[in-house]
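Peer 1: Data file upload-v6.cif (mmCIF, C-alpha atoms and all ligand atoms) is appended below.
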data_data
loop_
_atom_site.group_PDB
_atom_site.id
_atom_site.type_symbol
_atom_site.label_atom_id
_atom_site.label_comp_id
_atom_site.auth_asym_id
_atom_site.auth_seq_id
_atom_site.Cartn_x
_atom_site.Cartn_y
_atom_site.Cartn_z
ATOM 1 C CA MET A 1 -24.419 15.322 -0.161
ATOM 2 C CA SER A 2 -23.941 17.797 2.614
ATOM 3 C CA ASP A 3 -24.847 20.757 0.419
ATOM 4 C CA PRO A 4 -28.630 20.705 0.013
ATOM 5 C CA THR A 5 -28.542 23.070 -2.974
ATOM 6 C CA ARG A 6 -26.627 20.412 -4.857
ATOM 7 C CA PRO A 7 -28.830 17.380 -5.297
ATOM 8 C CA ARG A 8 -26.280 15.304 -7.098
ATOM 9 C CA GLY A 9 -22.640 15.845 -6.207
ATOM 10 C CA PRO A 10 -19.847 13.756 -7.652
ATOM 11 C CA LYS A 11 -20.020 10.021 -7.259
ATOM 12 C CA ILE A 12 -16.923 9.008 -5.324
ATOM 13 C CA ILE A 13 -15.411 5.583 -5.994
ATOM 14 C CA ALA A 14 -12.410 4.095 -4.183
ATOM 15 C CA VAL A 15 -10.409 1.726 -6.393
ATOM 16 C CA ALA A 16 -8.998 -0.657 -3.818
ATOM 17 C CA ASN A 17 -7.295 -4.007 -3.346
ATOM 18 C CA GLN A 18 -4.465 -4.430 -0.854
ATOM 19 C CA LYS A 19 -2.579 -6.597 -3.339
ATOM 20 C CA GLY A 20 -0.106 -4.749 -5.522
ATOM 21 C CA GLY A 21 0.008 -5.169 -9.273
ATOM 22 C CA VAL A 22 -3.633 -6.172 -9.749
ATOM 23 C CA GLY A 23 -4.590 -3.240 -11.975
ATOM 24 C CA LYS A 24 -5.794 -0.544 -9.554
ATOM 25 C CA THR A 25 -3.861 2.295 -11.140
ATOM 26 C CA THR A 26 -4.455 1.084 -14.688
ATOM 27 C CA THR A 27 -8.174 0.845 -13.981
ATOM 28 C CA THR A 28 -8.297 4.249 -12.297
ATOM 29 C CA ILE A 29 -6.596 5.950 -15.239
ATOM 30 C CA ASN A 30 -8.455 4.193 -18.027
ATOM 31 C CA LEU A 31 -11.881 3.945 -16.452
ATOM 32 C CA GLY A 32 -11.457 7.642 -15.664
ATOM 33 C CA ALA A 33 -10.546 8.360 -19.279
ATOM 34 C CA ALA A 34 -13.446 6.271 -20.589
ATOM 35 C CA LEU A 35 -15.911 8.107 -18.356
ATOM 36 C CA ALA A 36 -14.406 11.421 -19.476
ATOM 37 C CA GLU A 37 -14.672 10.388 -23.102
ATOM 38 C CA ALA A 38 -18.342 9.626 -22.474
ATOM 39 C CA GLY A 39 -18.816 13.243 -21.438
ATOM 40 C CA GLN A 40 -18.424 12.913 -17.669
ATOM 41 C CA LYS A 41 -16.108 15.215 -15.763
ATOM 42 C CA VAL A 42 -13.708 13.054 -13.794
ATOM 43 C CA LEU A 43 -11.265 13.799 -10.979
ATOM 44 C CA ILE A 44 -8.637 11.225 -10.045
ATOM 45 C CA ILE A 45 -7.171 11.371 -6.558
ATOM 46 C CA ASP A 46 -3.748 9.735 -6.461
ATOM 47 C CA LEU A 47 -3.666 8.241 -2.981
ATOM 48 C CA ASP A 48 -0.650 6.004 -3.548
ATOM 49 C CA PRO A 49 2.792 7.331 -2.480
ATOM 50 C CA GLN A 50 4.210 5.601 -5.558
ATOM 51 C CA GLY A 51 2.419 8.239 -7.625
ATOM 52 C CA ASN A 52 1.888 5.899 -10.577
ATOM 53 C CA ALA A 53 -1.412 7.458 -11.600
ATOM 54 C CA SER A 54 0.244 10.884 -11.639
ATOM 55 C CA THR A 55 3.146 9.648 -13.753
ATOM 56 C CA GLY A 56 0.845 7.682 -16.034
ATOM 57 C CA LEU A 57 -1.123 10.850 -16.697
ATOM 58 C CA GLY A 58 1.914 12.951 -17.447
ATOM 59 C CA ILE A 59 2.269 15.011 -14.273
ATOM 60 C CA ASP A 60 6.016 15.665 -14.027
ATOM 61 C CA ALA A 61 7.697 15.346 -10.659
ATOM 62 C CA SER A 62 8.511 19.066 -10.881
ATOM 63 C CA ASP A 63 4.778 19.810 -11.105
ATOM 64 C CA ARG A 64 3.976 18.043 -7.865
ATOM 65 C CA GLU A 65 4.578 20.771 -5.312
ATOM 66 C CA LEU A 66 1.030 20.553 -4.052
ATOM 67 C CA THR A 67 -0.364 17.076 -3.821
ATOM 68 C CA THR A 68 -2.763 14.766 -2.054
ATOM 69 C CA TYR A 69 -0.519 15.090 1.001
ATOM 70 C CA GLU A 70 -1.215 18.824 1.279
ATOM 71 C CA LEU A 71 -4.892 18.230 0.538
ATOM 72 C CA LEU A 72 -5.135 15.821 3.459
ATOM 73 C CA LEU A 73 -2.826 17.305 6.041
ATOM 74 C CA GLU A 74 -2.704 21.016 5.336
ATOM 75 C CA GLU A 75 -6.348 21.596 4.525
ATOM 76 C CA ILE A 76 -5.491 23.637 1.483
ATOM 77 C CA ASP A 77 -8.020 24.574 -1.136
ATOM 78 C CA LEU A 78 -8.831 22.116 -3.884
ATOM 79 C CA SER A 79 -8.036 24.656 -6.571
ATOM 80 C CA GLU A 80 -4.401 24.567 -5.473
ATOM 81 C CA VAL A 81 -3.997 20.829 -5.893
ATOM 82 C CA VAL A 82 -6.210 19.936 -8.857
ATOM 83 C CA GLN A 83 -4.385 19.732 -12.190
ATOM 84 C CA GLU A 84 -5.568 19.179 -15.717
ATOM 85 C CA THR A 85 -4.267 16.254 -17.733
ATOM 86 C CA ALA A 86 -3.761 16.011 -21.493
ATOM 87 C CA PHE A 87 -7.036 14.076 -21.641
ATOM 88 C CA GLU A 88 -10.101 16.281 -21.900
ATOM 89 C CA ASN A 89 -12.376 16.303 -18.842
ATOM 90 C CA LEU A 90 -9.875 14.290 -16.808
ATOM 91 C CA LEU A 91 -8.363 16.028 -13.778
ATOM 92 C CA ILE A 92 -5.991 14.768 -11.111
ATOM 93 C CA VAL A 93 -4.662 15.540 -7.675
ATOM 94 C CA PRO A 94 -1.149 14.071 -7.922
ATOM 95 C CA ALA A 95 0.894 12.296 -5.274
ATOM 96 C CA THR A 96 4.541 11.927 -4.314
ATOM 97 C CA VAL A 97 6.425 9.788 -1.816
ATOM 98 C CA ASP A 98 5.570 12.439 0.792
ATOM 99 C CA LEU A 99 2.324 10.577 1.140
ATOM 100 C CA SER A 100 4.108 7.566 2.627
ATOM 101 C CA SER A 101 4.619 9.463 5.863
ATOM 102 C CA ALA A 102 1.005 10.614 5.859
ATOM 103 C CA ASP A 103 -0.181 7.259 7.124
ATOM 104 C CA MET A 104 1.728 7.796 10.362
ATOM 105 C CA GLU A 105 0.902 11.482 10.583
ATOM 106 C CA LEU A 106 -2.789 10.749 10.159
ATOM 107 C CA ILE A 107 -2.743 8.569 13.252
ATOM 108 C CA ALA A 108 -1.879 11.636 15.300
ATOM 109 C CA THR A 109 -4.815 13.679 14.061
ATOM 110 C CA GLU A 110 -8.217 13.623 15.648
ATOM 111 C CA LYS A 111 -10.269 13.284 12.476
ATOM 112 C CA ARG A 112 -7.803 10.867 10.974
ATOM 113 C CA SER A 113 -10.287 8.791 8.989
ATOM 114 C CA PHE A 114 -12.251 11.766 7.693
ATOM 115 C CA LEU A 115 -9.568 13.972 6.168
ATOM 116 C CA LEU A 116 -10.184 12.953 2.568
ATOM 117 C CA HIS A 117 -13.934 12.899 3.141
ATOM 118 C CA ASP A 118 -13.853 16.488 4.346
ATOM 119 C CA ALA A 119 -11.393 17.633 1.676
ATOM 120 C CA LEU A 120 -13.637 16.326 -1.093
ATOM 121 C CA ARG A 121 -16.668 18.035 0.358
ATOM 122 C CA GLN A 122 -15.246 21.535 0.583
ATOM 123 C CA THR A 123 -17.451 24.008 -1.234
ATOM 124 C CA ALA A 124 -14.751 24.768 -3.810
ATOM 125 C CA MET A 125 -15.621 21.362 -5.252
ATOM 126 C CA ASP A 126 -18.789 22.876 -6.707
ATOM 127 C CA ASP A 127 -16.729 25.040 -9.068
ATOM 128 C CA TYR A 128 -15.488 21.975 -10.894
ATOM 129 C CA ALA A 129 -18.860 20.327 -11.581
ATOM 130 C CA ILE A 130 -17.240 16.910 -11.223
ATOM 131 C CA ASP A 131 -19.354 13.847 -12.029
ATOM 132 C CA TYR A 132 -16.997 11.118 -10.829
ATOM 133 C CA ILE A 133 -14.098 11.026 -8.399
ATOM 134 C CA LEU A 134 -11.890 7.928 -8.646
ATOM 135 C CA ILE A 135 -9.446 7.324 -5.800
ATOM 136 C CA ASP A 136 -6.365 5.248 -6.646
ATOM 137 C CA CYS A 137 -5.573 3.481 -3.365
ATOM 138 C CA PRO A 138 -2.201 2.188 -2.179
ATOM 139 C CA PRO A 139 -1.587 -1.582 -2.018
ATOM 140 C CA SER A 140 -2.396 -1.775 1.671
ATOM 141 C CA LEU A 141 -5.362 -1.583 4.020
ATOM 142 C CA ASN A 142 -3.776 1.322 5.869
ATOM 143 C CA LEU A 143 -5.242 4.605 7.042
ATOM 144 C CA LEU A 144 -4.958 6.062 3.539
ATOM 145 C CA THR A 145 -7.192 3.341 2.147
ATOM 146 C CA VAL A 146 -9.553 3.776 5.085
ATOM 147 C CA ASN A 147 -9.695 7.498 4.268
ATOM 148 C CA ALA A 148 -10.679 6.557 0.720
ATOM 149 C CA MET A 149 -13.417 4.225 1.936
ATOM 150 C CA VAL A 150 -14.765 6.800 4.362
ATOM 151 C CA ALA A 151 -14.820 9.440 1.621
ATOM 152 C CA ALA A 152 -16.368 7.166 -1.008
ATOM 153 C CA HIS A 153 -19.851 6.112 -1.975
ATOM 154 C CA SER A 154 -18.553 2.800 -3.255
ATOM 155 C CA VAL A 155 -15.515 0.578 -3.654
ATOM 156 C CA LEU A 156 -14.427 -0.856 -6.999
ATOM 157 C CA VAL A 157 -12.169 -3.891 -6.686
ATOM 158 C CA PRO A 158 -9.839 -4.911 -9.516
ATOM 159 C CA LEU A 159 -9.206 -8.648 -9.382
ATOM 160 C CA GLN A 160 -6.250 -9.975 -11.319
ATOM 161 C CA SER A 161 -7.050 -13.144 -13.224
ATOM 162 C CA GLU A 162 -4.219 -15.041 -11.525
ATOM 163 C CA PHE A 163 -3.552 -17.703 -8.932
ATOM 164 C CA PHE A 164 -4.674 -16.658 -5.429
ATOM 165 C CA ALA A 165 -6.761 -13.833 -6.879
ATOM 166 C CA LEU A 166 -9.542 -14.306 -4.364
ATOM 167 C CA GLU A 167 -7.161 -14.709 -1.484
ATOM 168 C CA GLY A 168 -7.124 -11.493 0.507
ATOM 169 C CA LEU A 169 -10.547 -10.487 -0.718
ATOM 170 C CA SER A 170 -12.104 -11.502 2.606
ATOM 171 C CA GLN A 171 -9.711 -9.146 4.383
ATOM 172 C CA LEU A 172 -10.782 -6.354 2.043
ATOM 173 C CA MET A 173 -14.469 -7.129 2.635
ATOM 174 C CA LEU A 174 -13.836 -7.122 6.389
ATOM 175 C CA THR A 175 -12.311 -3.651 6.158
ATOM 176 C CA ILE A 176 -15.308 -2.448 4.139
ATOM 177 C CA ARG A 177 -17.623 -3.856 6.810
ATOM 178 C CA GLU A 178 -15.653 -2.114 9.563
ATOM 179 C CA VAL A 179 -15.817 1.195 7.740
ATOM 180 C CA ARG A 180 -19.576 0.731 7.357
ATOM 181 C CA GLN A 181 -19.965 0.070 11.069
ATOM 182 C CA THR A 182 -17.904 3.019 12.155
ATOM 183 C CA ALA A 183 -17.770 5.872 9.686
ATOM 184 C CA ASN A 184 -19.635 5.290 6.442
ATOM 185 C CA PRO A 185 -22.767 3.121 6.794
ATOM 186 C CA ASN A 186 -23.803 3.675 3.171
ATOM 187 C CA LEU A 187 -20.570 2.450 1.609
ATOM 188 C CA ARG A 188 -21.404 0.097 -1.264
ATOM 189 C CA ILE A 189 -19.419 -2.264 -3.382
ATOM 190 C CA GLU A 190 -19.483 -0.883 -6.895
ATOM 191 C CA GLY A 191 -18.254 -4.168 -8.231
ATOM 192 C CA VAL A 192 -15.330 -6.478 -8.804
ATOM 193 C CA VAL A 193 -13.657 -6.242 -12.201
ATOM 194 C CA LEU A 194 -11.498 -8.999 -13.640
ATOM 195 C CA THR A 195 -8.249 -7.526 -14.967
ATOM 196 C CA MET A 196 -5.486 -8.907 -17.192
ATOM 197 C CA PHE A 197 -7.948 -11.520 -18.379
ATOM 198 C CA ASP A 198 -6.690 -14.028 -20.936
ATOM 199 C CA ALA A 199 -9.544 -15.957 -22.541
ATOM 200 C CA ARG A 200 -7.141 -18.589 -23.910
ATOM 201 C CA ASN A 201 -5.845 -19.333 -20.456
ATOM 202 C CA ASN A 202 -7.757 -21.889 -18.349
ATOM 203 C CA LEU A 203 -6.587 -20.200 -15.211
ATOM 204 C CA SER A 204 -8.315 -16.940 -16.147
ATOM 205 C CA SER A 205 -11.566 -18.792 -16.763
ATOM 206 C CA GLN A 206 -11.174 -20.630 -13.458
ATOM 207 C CA VAL A 207 -10.669 -17.369 -11.574
ATOM 208 C CA GLU A 208 -13.706 -15.906 -13.317
ATOM 209 C CA GLN A 209 -15.825 -18.925 -12.384
ATOM 210 C CA ASP A 210 -14.675 -18.764 -8.753
ATOM 211 C CA ALA A 211 -15.358 -15.047 -8.610
ATOM 212 C CA ARG A 212 -18.846 -15.371 -10.091
ATOM 213 C CA ASP A 213 -19.671 -18.352 -7.833
ATOM 214 C CA ASN A 214 -18.535 -16.498 -4.726
ATOM 215 C CA LEU A 215 -19.502 -12.924 -5.499
ATOM 216 C CA GLY A 216 -22.389 -13.325 -7.930
ATOM 217 C CA ALA A 217 -23.776 -10.099 -9.322
ATOM 218 C CA LEU A 218 -20.976 -8.093 -7.721
ATOM 219 C CA VAL A 219 -18.696 -9.119 -10.570
ATOM 220 C CA PHE A 220 -18.862 -6.820 -13.584
ATOM 221 C CA GLN A 221 -19.805 -8.498 -16.861
ATOM 222 C CA THR A 222 -16.961 -6.590 -18.497
ATOM 223 C CA ARG A 223 -13.542 -8.228 -18.274
ATOM 224 C CA ILE A 224 -10.379 -6.272 -18.961
ATOM 225 C CA PRO A 225 -8.170 -8.356 -21.256
ATOM 226 C CA ARG A 226 -4.437 -8.600 -20.875
ATOM 227 C CA ASN A 227 -3.342 -6.252 -23.635
ATOM 228 C CA VAL A 228 0.153 -4.996 -24.298
ATOM 229 C CA ARG A 229 -1.158 -1.579 -25.405
ATOM 230 C CA VAL A 230 -2.588 -1.104 -21.891
ATOM 231 C CA SER A 231 0.820 -1.703 -20.329
ATOM 232 C CA GLU A 232 2.621 0.515 -22.855
ATOM 233 C CA ALA A 233 0.380 3.561 -22.480
ATOM 234 C CA PRO A 234 1.800 4.822 -19.133
ATOM 235 C CA SER A 235 5.261 5.249 -20.624
ATOM 236 C CA TYR A 236 3.662 7.680 -23.073
ATOM 237 C CA ALA A 237 1.965 9.346 -20.098
ATOM 238 C CA VAL A 238 -1.532 8.976 -21.527
ATOM 239 C CA PRO A 239 -4.501 6.631 -21.029
ATOM 240 C CA VAL A 240 -4.697 3.696 -23.442
ATOM 241 C CA LEU A 241 -7.804 5.363 -24.875
ATOM 242 C CA GLN A 242 -5.492 8.053 -26.206
ATOM 243 C CA TYR A 243 -2.424 5.920 -26.914
ATOM 244 C CA ASP A 244 -4.323 3.333 -28.971
ATOM 245 C CA SER A 245 -7.979 4.218 -29.112
ATOM 246 C CA ALA A 246 -8.992 1.107 -31.058
ATOM 247 C CA SER A 247 -7.102 -1.384 -28.896
ATOM 248 C CA LYS A 248 -8.926 -4.171 -27.071
ATOM 249 C CA GLY A 249 -7.882 -2.635 -23.773
ATOM 250 C CA ALA A 250 -9.354 0.770 -24.631
ATOM 251 C CA GLN A 251 -12.551 -0.885 -25.813
ATOM 252 C CA ALA A 252 -12.852 -2.906 -22.607
ATOM 253 C CA TYR A 253 -12.491 0.180 -20.441
ATOM 254 C CA ARG A 254 -15.225 1.872 -22.479
ATOM 255 C CA ASP A 255 -17.446 -1.153 -21.804
ATOM 256 C CA LEU A 256 -16.625 -0.956 -18.110
ATOM 257 C CA ALA A 257 -17.494 2.741 -18.038
ATOM 258 C CA ARG A 258 -20.816 2.049 -19.716
ATOM 259 C CA GLU A 259 -21.592 -0.755 -17.278
ATOM 260 C CA LEU A 260 -20.634 1.431 -14.349
ATOM 261 C CA MET A 261 -22.776 4.345 -15.504
ATOM 262 C CA SER A 262 -25.817 2.063 -15.719
ATOM 263 C CA ASN A 263 -24.902 0.490 -12.406
ATOM 264 C CA GLN A 264 -27.233 2.303 -10.045
ATOM 265 C CA THR A 265 -28.591 -0.687 -8.210
ATOM 266 C CA ARG A 266 -25.767 -3.116 -7.555
ATOM 267 C CA ALA A 267 -26.438 -4.575 -4.150
ATOM 268 C CA ALA A 268 -24.365 -3.908 -1.091
ATOM 269 C CA ALA A 269 -22.620 -7.116 -0.061
HETATM 270 P P1 LIG B 301 -1.717 -1.743 -9.060
HETATM 271 O O1 LIG B 301 -2.038 -0.294 -9.172
HETATM 272 O O2 LIG B 301 -2.824 -2.563 -8.491
HETATM 273 O O3 LIG B 301 -0.414 -1.986 -8.343
HETATM 274 P P2 LIG B 301 -1.160 -1.550 -11.902
HETATM 275 O O4 LIG B 301 -2.367 -0.922 -12.475
HETATM 276 O O5 LIG B 301 0.027 -0.676 -11.685
HETATM 277 O O6 LIG B 301 -1.511 -2.318 -10.561
HETATM 278 O O7 LIG B 301 -0.787 -2.772 -12.853
HETATM 279 C C1 LIG B 301 0.340 -3.611 -12.572
HETATM 280 C C2 LIG B 301 1.098 -3.887 -13.889
HETATM 281 O O8 LIG B 301 0.256 -4.616 -14.777
HETATM 282 C C3 LIG B 301 1.490 -2.634 -14.619
HETATM 283 O O9 LIG B 301 2.755 -2.834 -15.191
HETATM 284 C C4 LIG B 301 0.438 -2.500 -15.704
HETATM 285 O O10 LIG B 301 0.937 -1.835 -16.855
HETATM 286 C C5 LIG B 301 0.108 -3.939 -15.998
HETATM 287 N N1 LIG B 301 -1.278 -4.088 -16.468
HETATM 288 C C6 LIG B 301 -2.388 -3.719 -15.823
HETATM 289 N N2 LIG B 301 -3.499 -4.011 -16.529
HETATM 290 C C7 LIG B 301 -3.068 -4.592 -17.664
HETATM 291 C C8 LIG B 301 -3.724 -5.137 -18.821
HETATM 292 N N3 LIG B 301 -5.051 -5.136 -18.939
HETATM 293 N N4 LIG B 301 -2.943 -5.666 -19.798
HETATM 294 C C9 LIG B 301 -1.595 -5.681 -19.688
HETATM 295 N N5 LIG B 301 -0.928 -5.198 -18.640
HETATM 296 C C10 LIG B 301 -1.637 -4.653 -17.630
HETATM 297 MG MG MG B 302 -1.088 1.333 -8.245
#
Just give me the structure of the file as structure tokens.
Ligand code: ADP
Ligand code: MG

Peer 2:
Amino acid sequence: MSDPTRPRGPKIIAVANQKGGVGKTTTTINLGAALAEAGQKVLIIDLDPQGNASTGLGIDASDRELTTYELLLEEIDLSEVVQETAFENLLIVPATVDLSSADMELIATEKRSFLLHDALRQTAMDDYAIDYILIDCPPSLNLLTVNAMVAAHSVLVPLQSEFFALEGLSQLMLTIREVRQTANPNLRIEGVVLTMFDARNNLSSQVEQDARDNLGALVFQTRIPRNVRVSEAPSYAVPVLQYDSASKGAQAYRDLARELMSNQTRAAA
């Protein structure tokens, strides 16, 4: 951390995969909620112009005057963009479609890759005593995702248990390597988490086997099952941990949170 009086600042994790629909937003919301439930203070940064994390956590469109866009491009204070959610200890900086133009606007700025990094290290951050920051990335390896990787300590990769799951992963790994070489040499891979897993489906097991063969210890032991309660929760604007606390999906995200919190030593790949 840049502030020497603060030995342990928040751990910043980018939730990234350039494929859409693999469970990035769902994992950001519910892993965030599970960490919060375990007593950690969690801040979600919605870095996707679709704003699904914001909607899924009940931030109305009318309450999104100040968003990630302003945080990145107008250097405004964190306190103006951070909002509470209905879930205790879970905060969010929301996003709107405005962010879709940010990718182009960032190109024109000198510190284009470092805007989120710098925003998350402003001293106002200390007031929040955040333990974890989870960044919900867009489905693209654009400058927004690069900003997330430059700002982060690690990358968490949701992998949908589907055909072609591993396809595209090499591109993601290449981007991580590039970010390490240029802007963030200490960037680690937090792990790959299998999402929408269906134990009765051979394909899910095949994807898991492939992932473990290719990525070894980088793959979390915890698998997130396909669970209808998980997909219903966003329409009630709460995490599945709140919508159906005893559901398999909620339980799995608690397991993932526990595994992540004990995950101090996962190797950099
Ligand atoms: P991404 O952010 O990567 O685009 P999402 O998190 O939005 O992906 O998930 C894509 C869709 O899959 C959403 O409709 C979501 O509700 C659904 N989904 C995600 N995880 C699960 C799960 N474990 N069980 C059932 N549906 C899921
Ligand atoms: Mg998403």

Peer 1: Select all residues near (-11.7, -15.5, -11.2) (cut-off 12 Å, inclusive, file coordinates), counting all atoms listed in the file, and output them as a ChimeraX atom specification.

Peer 2: /A:158-167,169,192-199,201-216,219-220,223

Peer 1: Could those selected residues go to a file with C-alpha atoms, as a short mmCIF file (atom, residue, chain, number, x, y, z; two decimals), keeping the file's coordinate frame?

Peer 2:
data_model
loop_
_atom_site.label_atom_id
_atom_site.label_comp_id
_atom_site.auth_asym_id
_atom_site.auth_seq_id
_atom_site.Cartn_x
_atom_site.Cartn_y
_atom_site.Cartn_z
CA PRO A 158 -9.84 -4.91 -9.52
CA LEU A 159 -9.21 -8.65 -9.38
CA GLN A 160 -6.25 -9.98 -11.32
CA SER A 161 -7.05 -13.14 -13.22
CA GLU A 162 -4.22 -15.04 -11.52
CA PHE A 163 -3.55 -17.70 -8.93
CA PHE A 164 -4.67 -16.66 -5.43
CA ALA A 165 -6.76 -13.83 -6.88
CA LEU A 166 -9.54 -14.31 -4.36
CA GLU A 167 -7.16 -14.71 -1.48
CA LEU A 169 -10.55 -10.49 -0.72
CA VAL A 192 -15.33 -6.48 -8.80
CA VAL A 193 -13.66 -6.24 -12.20
CA LEU A 194 -11.50 -9.00 -13.64
CA THR A 195 -8.25 -7.53 -14.97
CA MET A 196 -5.49 -8.91 -17.19
CA PHE A 197 -7.95 -11.52 -18.38
CA ASP A 198 -6.69 -14.03 -20.94
CA ALA A 199 -9.54 -15.96 -22.54
CA ASN A 201 -5.84 -19.33 -20.46
CA ASN A 202 -7.76 -21.89 -18.35
CA LEU A 203 -6.59 -20.20 -15.21
CA SER A 204 -8.32 -16.94 -16.15
CA SER A 205 -11.57 -18.79 -16.76
CA GLN A 206 -11.17 -20.63 -13.46
CA VAL A 207 -10.67 -17.37 -11.57
CA GLU A 208 -13.71 -15.91 -13.32
CA GLN A 209 -15.82 -18.92 -12.38
CA ASP A 210 -14.68 -18.76 -8.75
CA ALA A 211 -15.36 -15.05 -8.61
CA ARG A 212 -18.85 -15.37 -10.09
CA ASP A 213 -19.67 -18.35 -7.83
CA ASN A 214 -18.54 -16.50 -4.73
CA LEU A 215 -19.50 -12.92 -5.50
CA GLY A 216 -22.39 -13.32 -7.93
CA VAL A 219 -18.70 -9.12 -10.57
CA PHE A 220 -18.86 -6.82 -13.58
CA ARG A 223 -13.54 -8.23 -18.27
#

Peer 1: Find the spatial neighbours of Asn89 (chain A), counting only C-alpha atoms, within a cut-off of 7 Å - ignore same-chain residues fewer than 2 positions away - and output them as JSON, numbers by chain.

Peer 2: {"A": [36, 41, 42, 87, 91]}

Peer 1: Please write as a PyMOL selection string the list of polymer residues whose atoms come within 8 Å of (2.3, 11.6, -3.8), counting all atoms listed in the file and keeping to the coordinates of the file.

Peer 2: chain A and resi 46-51+64+67-69+94-100

Peer 1: Per residue of chain A within 6 Å of ligand MG 302 (chain B), what are the shortest atom pair and its distance in Å to one decimal, counting only C-alpha atoms and all ligand atoms, with rows by chain and residue number, as a Markdown table?

Peer 2:
| residue | atom | partner | partner_atom | distance |
| --- | --- | --- | --- | --- |
| A:Lys24 | CA | B:MG302 | MG | 5.2 |
| A:Thr25 | CA | B:MG302 | MG | 4.1 |
| A:Asn52 | CA | B:MG302 | MG | 5.9 |

Peer 1: Please write out, as lines of an AutoDock Vina configuration file, where the centre of an axis-aligned box around all listed atoms of region 218-222 of chain A lies and how long its edges are, in Å to one decimal, after adding 4 Å on each side.

Peer 2:
center_x = -19.0
center_y = -7.9
center_z = -13.1
size_x = 12.0
size_y = 10.5
size_z = 18.8

Peer 1: Run through the PyMOL selection byres (((not hetatm)) within 6 of (chain B and resi 301)) on the given coordinates and return the selected residues as a count of residues only.

Peer 2: 16

Peer 1: Contacts of Ala33 (chain A) at 12 Å or less, counting only C-alpha atoms, minus same-chain residues fewer than 2 places along, as a PDB file with C-alpha atoms, in the frame of the given file?

Peer 2:
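Wrote it out as selection02.pdb, contents follow:
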ATOM      1  CA  THR A  26      -4.455   1.084 -14.688  1.00  0.00           C
ATOM      2  CA  THR A  27      -8.174   0.845 -13.981  1.00  0.00           C
ATOM      3  CA  THR A  28      -8.297   4.249 -12.297  1.00  0.00           C
ATOM      4  CA  ILE A  29      -6.596   5.950 -15.239  1.00  0.00           C
ATOM      5  CA  ASN A  30      -8.455   4.193 -18.027  1.00  0.00           C
ATOM      6  CA  LEU A  31     -11.881   3.945 -16.452  1.00  0.00           C
ATOM      7  CA  LEU A  35     -15.911   8.107 -18.356  1.00  0.00           C
ATOM      8  CA  ALA A  36     -14.406  11.421 -19.476  1.00  0.00           C
ATOM      9  CA  GLU A  37     -14.672  10.388 -23.102  1.00  0.00           C
ATOM     10  CA  ALA A  38     -18.342   9.626 -22.474  1.00  0.00           C
ATOM     11  CA  GLY A  39     -18.816  13.243 -21.438  1.00  0.00           C
ATOM     12  CA  GLN A  40     -18.424  12.913 -17.669  1.00  0.00           C
ATOM     13  CA  LYS A  41     -16.108  15.215 -15.763  1.00  0.00           C
ATOM     14  CA  VAL A  42     -13.708  13.054 -13.794  1.00  0.00           C
ATOM     15  CA  LEU A  43     -11.265  13.799 -10.979  1.00  0.00           C
ATOM     16  CA  ILE A  44      -8.637  11.225 -10.045  1.00  0.00           C
ATOM     17  CA  ALA A  53      -1.412   7.458 -11.600  1.00  0.00           C
ATOM     18  CA  GLY A  56       0.845   7.682 -16.034  1.00  0.00           C
ATOM     19  CA  LEU A  57      -1.123  10.850 -16.697  1.00  0.00           C
ATOM     20  CA  THR A  85      -4.267  16.254 -17.733  1.00  0.00           C
ATOM     21  CA  ALA A  86      -3.761  16.011 -21.493  1.00  0.00           C
ATOM     22  CA  PHE A  87      -7.036  14.076 -21.641  1.00  0.00           C
ATOM     23  CA  GLU A  88     -10.101  16.281 -21.900  1.00  0.00           C
ATOM     24  CA  ASN A  89     -12.376  16.303 -18.842  1.00  0.00           C
ATOM     25  CA  LEU A  90      -9.875  14.290 -16.808  1.00  0.00           C
ATOM     26  CA  LEU A  91      -8.363  16.028 -13.778  1.00  0.00           C
ATOM     27  CA  ILE A  92      -5.991  14.768 -11.111  1.00  0.00           C
ATOM     28  CA  TYR A 132     -16.997  11.118 -10.829  1.00  0.00           C
ATOM     29  CA  ILE A 133     -14.098  11.026  -8.399  1.00  0.00           C
ATOM     30  CA  LEU A 134     -11.890   7.928  -8.646  1.00  0.00           C
ATOM     31  CA  VAL A 238      -1.532   8.976 -21.527  1.00  0.00           C
ATOM     32  CA  PRO A 239      -4.501   6.631 -21.029  1.00  0.00           C
ATOM     33  CA  VAL A 240      -4.697   3.696 -23.442  1.00  0.00           C
ATOM     34  CA  LEU A 241      -7.804   5.363 -24.875  1.00  0.00           C
ATOM     35  CA  GLN A 242      -5.492   8.053 -26.206  1.00  0.00           C
ATOM     36  CA  TYR A 243      -2.424   5.920 -26.914  1.00  0.00           C
ATOM     37  CA  SER A 245      -7.979   4.218 -29.112  1.00  0.00           C
ATOM     38  CA  ALA A 250      -9.354   0.770 -24.631  1.00  0.00           C
ATOM     39  CA  GLN A 251     -12.551  -0.885 -25.813  1.00  0.00           C
ATOM     40  CA  ALA A 252     -12.852  -2.906 -22.607  1.00  0.00           C
ATOM     41  CA  TYR A 253     -12.491   0.180 -20.441  1.00  0.00           C
ATOM     42  CA  ARG A 254     -15.225   1.872 -22.479  1.00  0.00           C
ATOM     43  CA  LEU A 256     -16.625  -0.956 -18.110  1.00  0.00           C
ATOM     44  CA  ALA A 257     -17.494   2.741 -18.038  1.00  0.00           C
TER      45      ALA A 257
END

Peer 1: If you measure from CA of Asn147 (chain A) to CA of Ala16 (chain A), what distance in Å do you get, rounded to one decimal?

Peer 2: 11.5 Å

Peer 1: How many Å lie between CA of Leu143 (chain A) and CA of Met104 (chain A), rounded to one decimal?

Peer 2: 8.4 Å
